[in-house]
file work.cif (mmCIF, C-alpha atoms; chains and numbers go by the auth columns)
data_structure
#
loop_
_atom_site.group_PDB
_atom_site.id
_atom_site.type_symbol
_atom_site.label_atom_id
_atom_site.label_comp_id
_atom_site.label_asym_id
_atom_site.label_seq_id
_atom_site.Cartn_x
_atom_site.Cartn_y
_atom_site.Cartn_z
_atom_site.B_iso_or_equiv
_atom_site.auth_seq_id
_atom_site.auth_asym_id
ATOM 1 C CA MET A 1 -0.894 -20.730 -3.900 0.00 1 U
ATOM 2 C CA LYS A 2 -1.724 -24.389 -3.939 0.00 2 U
ATOM 3 C CA ALA A 3 -5.420 -24.409 -3.059 0.00 3 U
ATOM 4 C CA GLN A 4 -8.484 -22.186 -3.000 0.00 4 U
ATOM 5 C CA THR A 5 -8.126 -21.766 0.733 0.00 5 U
ATOM 6 C CA ASP A 6 -4.773 -20.043 0.138 0.00 6 U
ATOM 7 C CA TRP A 7 -6.400 -17.297 -1.965 0.00 7 U
ATOM 8 C CA PRO A 8 -7.163 -14.710 0.783 0.00 8 U
ATOM 9 C CA ARG A 9 -3.667 -14.871 2.257 0.00 9 U
ATOM 10 C CA TRP A 10 -1.987 -14.960 -1.161 0.00 10 U
ATOM 11 C CA LEU A 11 -3.949 -11.924 -2.362 0.00 11 U
ATOM 12 C CA ALA A 12 -3.248 -10.092 0.921 0.00 12 U
ATOM 13 C CA VAL A 13 0.504 -10.371 0.264 0.00 13 U
ATOM 14 C CA ILE A 14 0.042 -8.821 -3.179 0.00 14 U
ATOM 15 C CA GLN A 15 -2.272 -6.108 -1.875 0.00 15 U
ATOM 16 C CA THR A 16 0.143 -5.192 0.921 0.00 16 U
ATOM 17 C CA LYS A 17 3.075 -4.822 -1.475 0.00 17 U
ATOM 18 C CA ALA A 18 0.904 -2.842 -3.883 0.00 18 U
ATOM 19 C CA ASN A 19 -0.380 -0.535 -1.148 0.00 19 U
ATOM 20 C CA HIS A 20 3.150 0.127 0.141 0.00 20 U
ATOM 21 C CA ASN A 21 4.052 1.352 -3.339 0.00 21 U
ATOM 22 C CA SER A 22 0.760 3.109 -4.175 0.00 22 U
ATOM 23 C CA VAL A 23 -0.218 0.825 -7.060 0.00 23 U
ATOM 24 C CA TRP A 24 -3.166 -1.171 -5.671 0.00 24 U
ATOM 25 C CA ASP A 25 -5.687 1.183 -7.302 0.00 25 U
ATOM 26 C CA HIS A 26 -4.031 0.405 -10.645 0.00 26 U
ATOM 27 C CA ILE A 27 -4.073 -3.407 -10.356 0.00 27 U
ATOM 28 C CA LYS A 28 -6.890 -4.474 -8.037 0.00 28 U
ATOM 29 C CA PRO A 29 -8.977 -7.145 -9.737 0.00 29 U
ATOM 30 C CA THR A 30 -12.431 -5.721 -9.012 0.00 30 U
ATOM 31 C CA LEU A 31 -13.952 -2.301 -8.466 0.00 31 U
ATOM 32 C CA LYS A 32 -16.744 -1.250 -6.138 0.00 32 U
ATOM 33 C CA ASP A 33 -19.884 0.410 -7.514 0.00 33 U
ATOM 34 C CA LYS A 34 -19.157 3.792 -9.132 0.00 34 U
ATOM 35 C CA GLU A 35 -15.421 3.324 -8.551 0.00 35 U
ATOM 36 C CA VAL A 36 -13.231 4.296 -11.508 0.00 36 U
ATOM 37 C CA ARG A 37 -10.032 2.460 -12.425 0.00 37 U
ATOM 38 C CA GLN A 38 -6.889 4.569 -12.099 0.00 38 U
ATOM 39 C CA GLU A 39 -4.738 4.024 -15.160 0.00 39 U
ATOM 40 C CA LEU A 40 -0.975 4.243 -14.735 0.00 40 U
ATOM 41 C CA LEU A 41 0.082 6.466 -17.613 0.00 41 U
ATOM 42 C CA GLU A 42 3.660 7.298 -18.457 0.00 42 U
ATOM 43 C CA PRO A 43 4.168 11.067 -18.208 0.00 43 U
ATOM 44 C CA SER A 44 4.927 12.990 -21.393 0.00 44 U
ATOM 45 C CA PRO A 45 7.910 15.325 -21.643 0.00 45 U
ATOM 46 C CA PRO A 46 7.199 18.997 -22.282 0.00 46 U
ATOM 47 C CA ASP A 47 7.236 19.986 -25.954 0.00 47 U
ATOM 48 C CA VAL A 48 9.574 22.838 -26.898 0.00 48 U
ATOM 49 C CA LYS A 49 6.976 24.114 -29.388 0.00 49 U
ATOM 50 C CA THR A 50 4.652 24.956 -26.501 0.00 50 U
ATOM 51 C CA TYR A 51 7.138 27.492 -25.164 0.00 51 U
ATOM 52 C CA ALA A 52 8.223 29.050 -28.470 0.00 52 U
ATOM 53 C CA THR A 53 6.939 32.404 -29.699 0.00 53 U
ATOM 54 C CA ASN A 54 6.331 30.892 -33.132 0.00 54 U
ATOM 55 C CA PRO A 55 5.628 27.162 -32.618 0.00 55 U
ATOM 56 C CA ASP A 56 5.034 26.521 -36.332 0.00 56 U
ATOM 57 C CA ALA A 57 8.378 27.967 -37.427 0.00 57 U
ATOM 58 C CA ILE A 58 10.548 26.068 -39.859 0.00 58 U
ATOM 59 C CA PRO A 59 12.909 24.656 -38.789 0.00 59 U
ATOM 60 C CA GLU A 60 11.132 23.470 -35.635 0.00 60 U
ATOM 61 C CA PRO A 61 11.893 25.412 -32.453 0.00 61 U
ATOM 62 C CA THR A 62 14.588 23.949 -30.182 0.00 62 U
ATOM 63 C CA THR A 63 15.781 24.877 -26.724 0.00 63 U
ATOM 64 C CA LYS A 64 18.485 26.964 -28.452 0.00 64 U
ATOM 65 C CA THR A 65 15.881 29.130 -30.183 0.00 65 U
ATOM 66 C CA LEU A 66 13.916 29.887 -26.993 0.00 66 U
ATOM 67 C CA THR A 67 14.288 33.181 -25.159 0.00 67 U
ATOM 68 C CA ALA A 68 15.746 33.125 -21.655 0.00 68 U
ATOM 69 C CA ASP A 69 12.265 33.354 -20.078 0.00 69 U
ATOM 70 C CA GLN A 70 10.849 30.631 -22.329 0.00 70 U
ATOM 71 C CA LEU A 71 13.836 28.385 -21.626 0.00 71 U
ATOM 72 C CA LYS A 72 13.432 28.909 -17.874 0.00 72 U
ATOM 73 C CA ARG A 73 9.741 27.864 -18.013 0.00 73 U
ATOM 74 C CA TYR A 74 10.624 24.862 -20.196 0.00 74 U
ATOM 75 C CA GLU A 75 13.380 23.748 -17.794 0.00 75 U
ATOM 76 C CA MET A 76 11.039 24.024 -14.784 0.00 76 U
ATOM 77 C CA ASP A 77 8.421 21.902 -16.537 0.00 77 U
ATOM 78 C CA TYR A 78 11.118 19.438 -17.590 0.00 78 U
ATOM 79 C CA LYS A 79 12.192 19.019 -13.951 0.00 79 U
ATOM 80 C CA VAL A 80 8.581 18.294 -12.980 0.00 80 U
ATOM 81 C CA TYR A 81 8.395 15.773 -15.836 0.00 81 U
ATOM 82 C CA LYS A 82 11.582 14.035 -14.632 0.00 82 U
ATOM 83 C CA ASP A 83 10.132 13.752 -11.090 0.00 83 U
ATOM 84 C CA ASP A 84 6.875 12.354 -12.453 0.00 84 U
ATOM 85 C CA LEU A 85 8.811 9.919 -14.627 0.00 85 U
ATOM 86 C CA LYS A 86 10.752 8.622 -11.600 0.00 86 U
ATOM 87 C CA LYS A 87 7.487 8.043 -9.718 0.00 87 U
ATOM 88 C CA TRP A 88 5.993 6.280 -12.743 0.00 88 U
ATOM 89 C CA GLU A 89 9.101 4.074 -13.131 0.00 89 U
ATOM 90 C CA ARG A 90 8.990 3.135 -9.437 0.00 90 U
ATOM 91 C CA LYS A 91 5.326 2.168 -9.723 0.00 91 U
ATOM 92 C CA GLN A 92 5.928 0.277 -12.963 0.00 92 U
ATOM 93 C CA THR A 93 8.797 -1.639 -11.334 0.00 93 U
ATOM 94 C CA THR A 94 6.524 -2.573 -8.424 0.00 94 U
ATOM 95 C CA ILE A 95 3.846 -3.837 -10.817 0.00 95 U
ATOM 96 C CA ASN A 96 6.469 -5.877 -12.698 0.00 96 U
ATOM 97 C CA ASN A 97 7.702 -7.341 -9.387 0.00 97 U
ATOM 98 C CA ILE A 98 4.140 -8.275 -8.438 0.00 98 U
ATOM 99 C CA ASP A 99 3.695 -9.926 -11.838 0.00 99 U
ATOM 100 C CA ASP A 100 6.881 -11.942 -11.209 0.00 100 U
ATOM 101 C CA TYR A 101 5.531 -12.933 -7.772 0.00 101 U
ATOM 102 C CA ILE A 102 2.267 -14.100 -9.331 0.00 102 U
ATOM 103 C CA ILE A 103 4.109 -16.215 -11.897 0.00 103 U
ATOM 104 C CA ARG A 104 6.437 -17.734 -9.263 0.00 104 U
ATOM 105 C CA THR A 105 3.735 -18.592 -6.725 0.00 105 U
ATOM 106 C CA ILE A 106 0.691 -19.565 -8.768 0.00 106 U
ATOM 107 C CA SER A 107 1.846 -23.204 -9.328 0.00 107 U
ATOM 108 C CA THR A 108 -1.190 -25.370 -10.171 0.00 108 U
ATOM 109 C CA TYR A 109 -3.242 -22.437 -11.482 0.00 109 U
ATOM 110 C CA TRP A 110 -0.774 -21.392 -14.177 0.00 110 U
ATOM 111 C CA SER A 111 -3.084 -22.675 -16.928 0.00 111 U
ATOM 112 C CA VAL A 112 -5.690 -20.113 -15.846 0.00 112 U
ATOM 113 C CA ILE A 113 -3.417 -17.157 -16.635 0.00 113 U
ATOM 114 C CA GLU A 114 -0.774 -18.432 -19.062 0.00 114 U
ATOM 115 C CA LYS A 115 -2.326 -16.598 -22.044 0.00 115 U
ATOM 116 C CA ILE A 116 -3.328 -13.485 -20.098 0.00 116 U
ATOM 117 C CA GLN A 117 -1.136 -10.385 -20.058 0.00 117 U
ATOM 118 C CA GLY A 118 -1.157 -7.733 -17.340 0.00 118 U
ATOM 119 C CA VAL A 119 -1.256 -7.961 -13.570 0.00 119 U
ATOM 120 C CA ARG A 120 -4.807 -6.632 -13.208 0.00 120 U
ATOM 121 C CA GLU A 121 -6.118 -9.036 -15.848 0.00 121 U
ATOM 122 C CA ARG A 122 -4.291 -11.986 -14.275 0.00 122 U
ATOM 123 C CA LEU A 123 -5.611 -11.171 -10.804 0.00 123 U
ATOM 124 C CA LYS A 124 -9.152 -10.853 -12.173 0.00 124 U
ATOM 125 C CA ALA A 125 -8.910 -14.222 -13.941 0.00 125 U
ATOM 126 C CA LEU A 126 -7.535 -15.873 -10.813 0.00 126 U
ATOM 127 C CA LYS A 127 -10.200 -14.285 -8.632 0.00 127 U
ATOM 128 C CA ASP A 128 -12.926 -15.542 -10.959 0.00 128 U
ATOM 129 C CA HIS A 129 -11.437 -19.035 -11.106 0.00 129 U
ATOM 130 C CA VAL A 130 -9.708 -19.627 -7.767 0.00 130 U
ATOM 131 C CA ALA A 131 -11.248 -17.421 -5.070 0.00 131 U
ATOM 132 C CA PRO A 132 -13.637 -19.504 -3.034 0.00 132 U
ATOM 133 C CA THR A 133 -17.293 -18.567 -3.233 0.00 133 U
ATOM 134 C CA SER A 134 -19.138 -17.530 -0.086 0.00 134 U
ATOM 135 C CA TYR A 135 -20.805 -20.934 0.009 0.00 135 U
ATOM 136 C CA ALA A 136 -17.492 -22.806 -0.323 0.00 136 U
ATOM 137 C CA TRP A 137 -15.970 -20.609 2.366 0.00 137 U
ATOM 138 C CA GLU A 138 -18.909 -21.275 4.703 0.00 138 U
ATOM 139 C CA GLN A 139 -18.578 -25.016 4.146 0.00 139 U
ATOM 140 C CA GLU A 140 -14.840 -24.875 4.883 0.00 140 U
ATOM 141 C CA VAL A 141 -15.423 -22.967 8.144 0.00 141 U
ATOM 142 C CA LEU A 142 -18.200 -25.355 9.184 0.00 142 U
ATOM 143 C CA ALA A 143 -16.009 -28.379 8.449 0.00 143 U
ATOM 144 C CA ARG A 144 -13.150 -26.932 10.504 0.00 144 U
ATOM 145 C CA TYR A 145 -15.523 -26.096 13.362 0.00 145 U
ATOM 146 C CA GLU A 146 -16.974 -29.599 13.328 0.00 146 U
ATOM 147 C CA ALA A 147 -13.491 -31.178 13.289 0.00 147 U
ATOM 148 C CA VAL A 148 -12.375 -29.093 16.256 0.00 148 U
ATOM 149 C CA ARG A 149 -15.650 -29.690 18.121 0.00 149 U
ATOM 150 C CA CYS A 150 -15.393 -33.461 17.695 0.00 150 U
ATOM 151 C CA SER A 151 -11.750 -33.564 18.675 0.00 151 U
ATOM 152 C CA ALA A 152 -12.376 -31.462 21.799 0.00 152 U
ATOM 153 C CA LYS A 153 -13.731 -34.454 23.657 0.00 153 U
ATOM 154 C CA ALA A 154 -10.586 -36.486 23.070 0.00 154 U
ATOM 155 C CA SER A 155 -8.021 -33.741 23.649 0.00 155 U
ATOM 156 C CA LYS A 156 -6.894 -31.520 26.447 0.00 156 U
ATOM 157 C CA THR A 157 -8.625 -28.157 26.842 0.00 157 U
ATOM 158 C CA GLU A 158 -5.519 -26.057 26.119 0.00 158 U
ATOM 159 C CA GLU A 159 -4.772 -27.987 22.924 0.00 159 U
ATOM 160 C CA TRP A 160 -8.396 -27.695 21.822 0.00 160 U
ATOM 161 C CA LEU A 161 -8.401 -23.915 22.394 0.00 161 U
ATOM 162 C CA ARG A 162 -5.160 -23.550 20.426 0.00 162 U
ATOM 163 C CA GLN A 163 -6.817 -25.240 17.446 0.00 163 U
#
call {"tool": "encode", "arguments": {"input": "work.cif", "output": "structure tokens"}}
result
Amino acid sequence: MKAQTDWPRWLAVIQTKANHNSVWDHIKPTLKDKEVRQELLEPSPPDVKTYATNPDAIPEPTTKTLTADQLKRYEMDYKVYKDDLKKWERKQTTINNIDDYIIRTISTYWSVIEKIQGVRERLKALKDHVAPTSYAWEQEVLARYEAVRCSAKASKTEEWLRQ
């Protein structure tokens, strides 16, 4: 991103990648009214104590001290944990890739985010600093319209329509 006018397209690339990997709700820079931020939390493995008949036993319960039924329930929950962990790792990798993309493409706006950690926080800072205001956007559109309107008299109709 080299200029404010690049912001919408630049952010759309990030949002598309984030949506494809189900992480946009975790990193989007702003929330709508009454919208709650979804935190991306690493799943916790099941605790053997939870499945033991006597969880406070000394020494601590292990998978070897569980009954067959307890071990079966523990193993099922552990499989669910492993699946959740894979999903979390995939999402975390996507967020890290987006962070790398931000760092690689931000060019002149690096000073805005150089001391900020986290994708969401960086996007928020950039939005606050770089995203054009409604007024600036209106002025840009009006200037483009005026340039095209003035050049229409000197150019061919097809060329003018293409612009």
call {"tool": "closest_residue", "arguments": {"input": "work.cif", "among": "U:Thr30, U:Thr53, U:Thr94, U:Asn19", "to": "Arg122 of chain U", "atoms": "all atoms listed in the file"}}
result
U:Thr30
call {"tool": "closest_residue", "arguments": {"input": "work.cif", "among": "U:Val80, U:Asp25, U:Trp10, U:His20", "to": "Pro43 of chain U", "atoms": "all atoms listed in the file"}}
result
U:Val80
call {"tool": "closest_residue", "arguments": {"input": "work.cif", "among": "U:Asp77, U:Glu39, U:Glu138, U:Asp47", "to": "Gln92 of chain U", "atoms": "all atoms listed in the file"}}
result
U:Glu39
call {"tool": "atom_distance", "arguments": {"input": "work.cif", "atom1": "atom CA of Glu75 of chain U", "atom2": "atom CA of Arg90 of chain U"}}
result
22.7 Å
call {"tool": "resolve_selection", "arguments": {"input": "work.cif", "expression": "the PyMOL selection byres ((chain U and resi 84) around 12)", "output": "PDB file with C-alpha atoms, keeping the file's coordinate frame"}}
result
ATOM      1  CA  LEU U  40      -0.975   4.243 -14.735  1.00  0.00           C
ATOM      2  CA  LEU U  41       0.082   6.466 -17.613  1.00  0.00           C
ATOM      3  CA  GLU U  42       3.660   7.298 -18.457  1.00  0.00           C
ATOM      4  CA  PRO U  43       4.168  11.067 -18.208  1.00  0.00           C
ATOM      5  CA  SER U  44       4.927  12.990 -21.393  1.00  0.00           C
ATOM      6  CA  PRO U  45       7.910  15.325 -21.643  1.00  0.00           C
ATOM      7  CA  PRO U  46       7.199  18.997 -22.282  1.00  0.00           C
ATOM      8  CA  ASP U  77       8.421  21.902 -16.537  1.00  0.00           C
ATOM      9  CA  TYR U  78      11.118  19.438 -17.590  1.00  0.00           C
ATOM     10  CA  LYS U  79      12.192  19.019 -13.951  1.00  0.00           C
ATOM     11  CA  VAL U  80       8.581  18.294 -12.980  1.00  0.00           C
ATOM     12  CA  TYR U  81       8.395  15.773 -15.836  1.00  0.00           C
ATOM     13  CA  LYS U  82      11.582  14.035 -14.632  1.00  0.00           C
ATOM     14  CA  ASP U  83      10.132  13.752 -11.090  1.00  0.00           C
ATOM     15  CA  LEU U  85       8.811   9.919 -14.627  1.00  0.00           C
ATOM     16  CA  LYS U  86      10.752   8.622 -11.600  1.00  0.00           C
ATOM     17  CA  LYS U  87       7.487   8.043  -9.718  1.00  0.00           C
ATOM     18  CA  TRP U  88       5.993   6.280 -12.743  1.00  0.00           C
ATOM     19  CA  GLU U  89       9.101   4.074 -13.131  1.00  0.00           C
ATOM     20  CA  ARG U  90       8.990   3.135  -9.437  1.00  0.00           C
ATOM     21  CA  LYS U  91       5.326   2.168  -9.723  1.00  0.00           C
TER      22      LYS U  91
END
call {"tool": "atom_distance", "arguments": {"input": "work.cif", "atom1": "atom CA of Ala131 of chain U", "atom2": "atom CA of Val13 of chain U"}}
result
14.7 Å
call {"tool": "residues_around", "arguments": {"input": "work.cif", "residues": "Asp6 of chain U", "least_positions_apart": "5", "cutoff": "10 Å", "atoms": "only C-alpha atoms", "output": "PyMOL selection string"}}
result
chain U and resi 1+11+130-132
call {"tool": "closest_residue", "arguments": {"input": "work.cif", "among": "U:His26, U:Lys17, U:Arg73, U:Lys124", "to": "Val112 of chain U", "atoms": "only C-alpha atoms"}}
result
U:Lys124
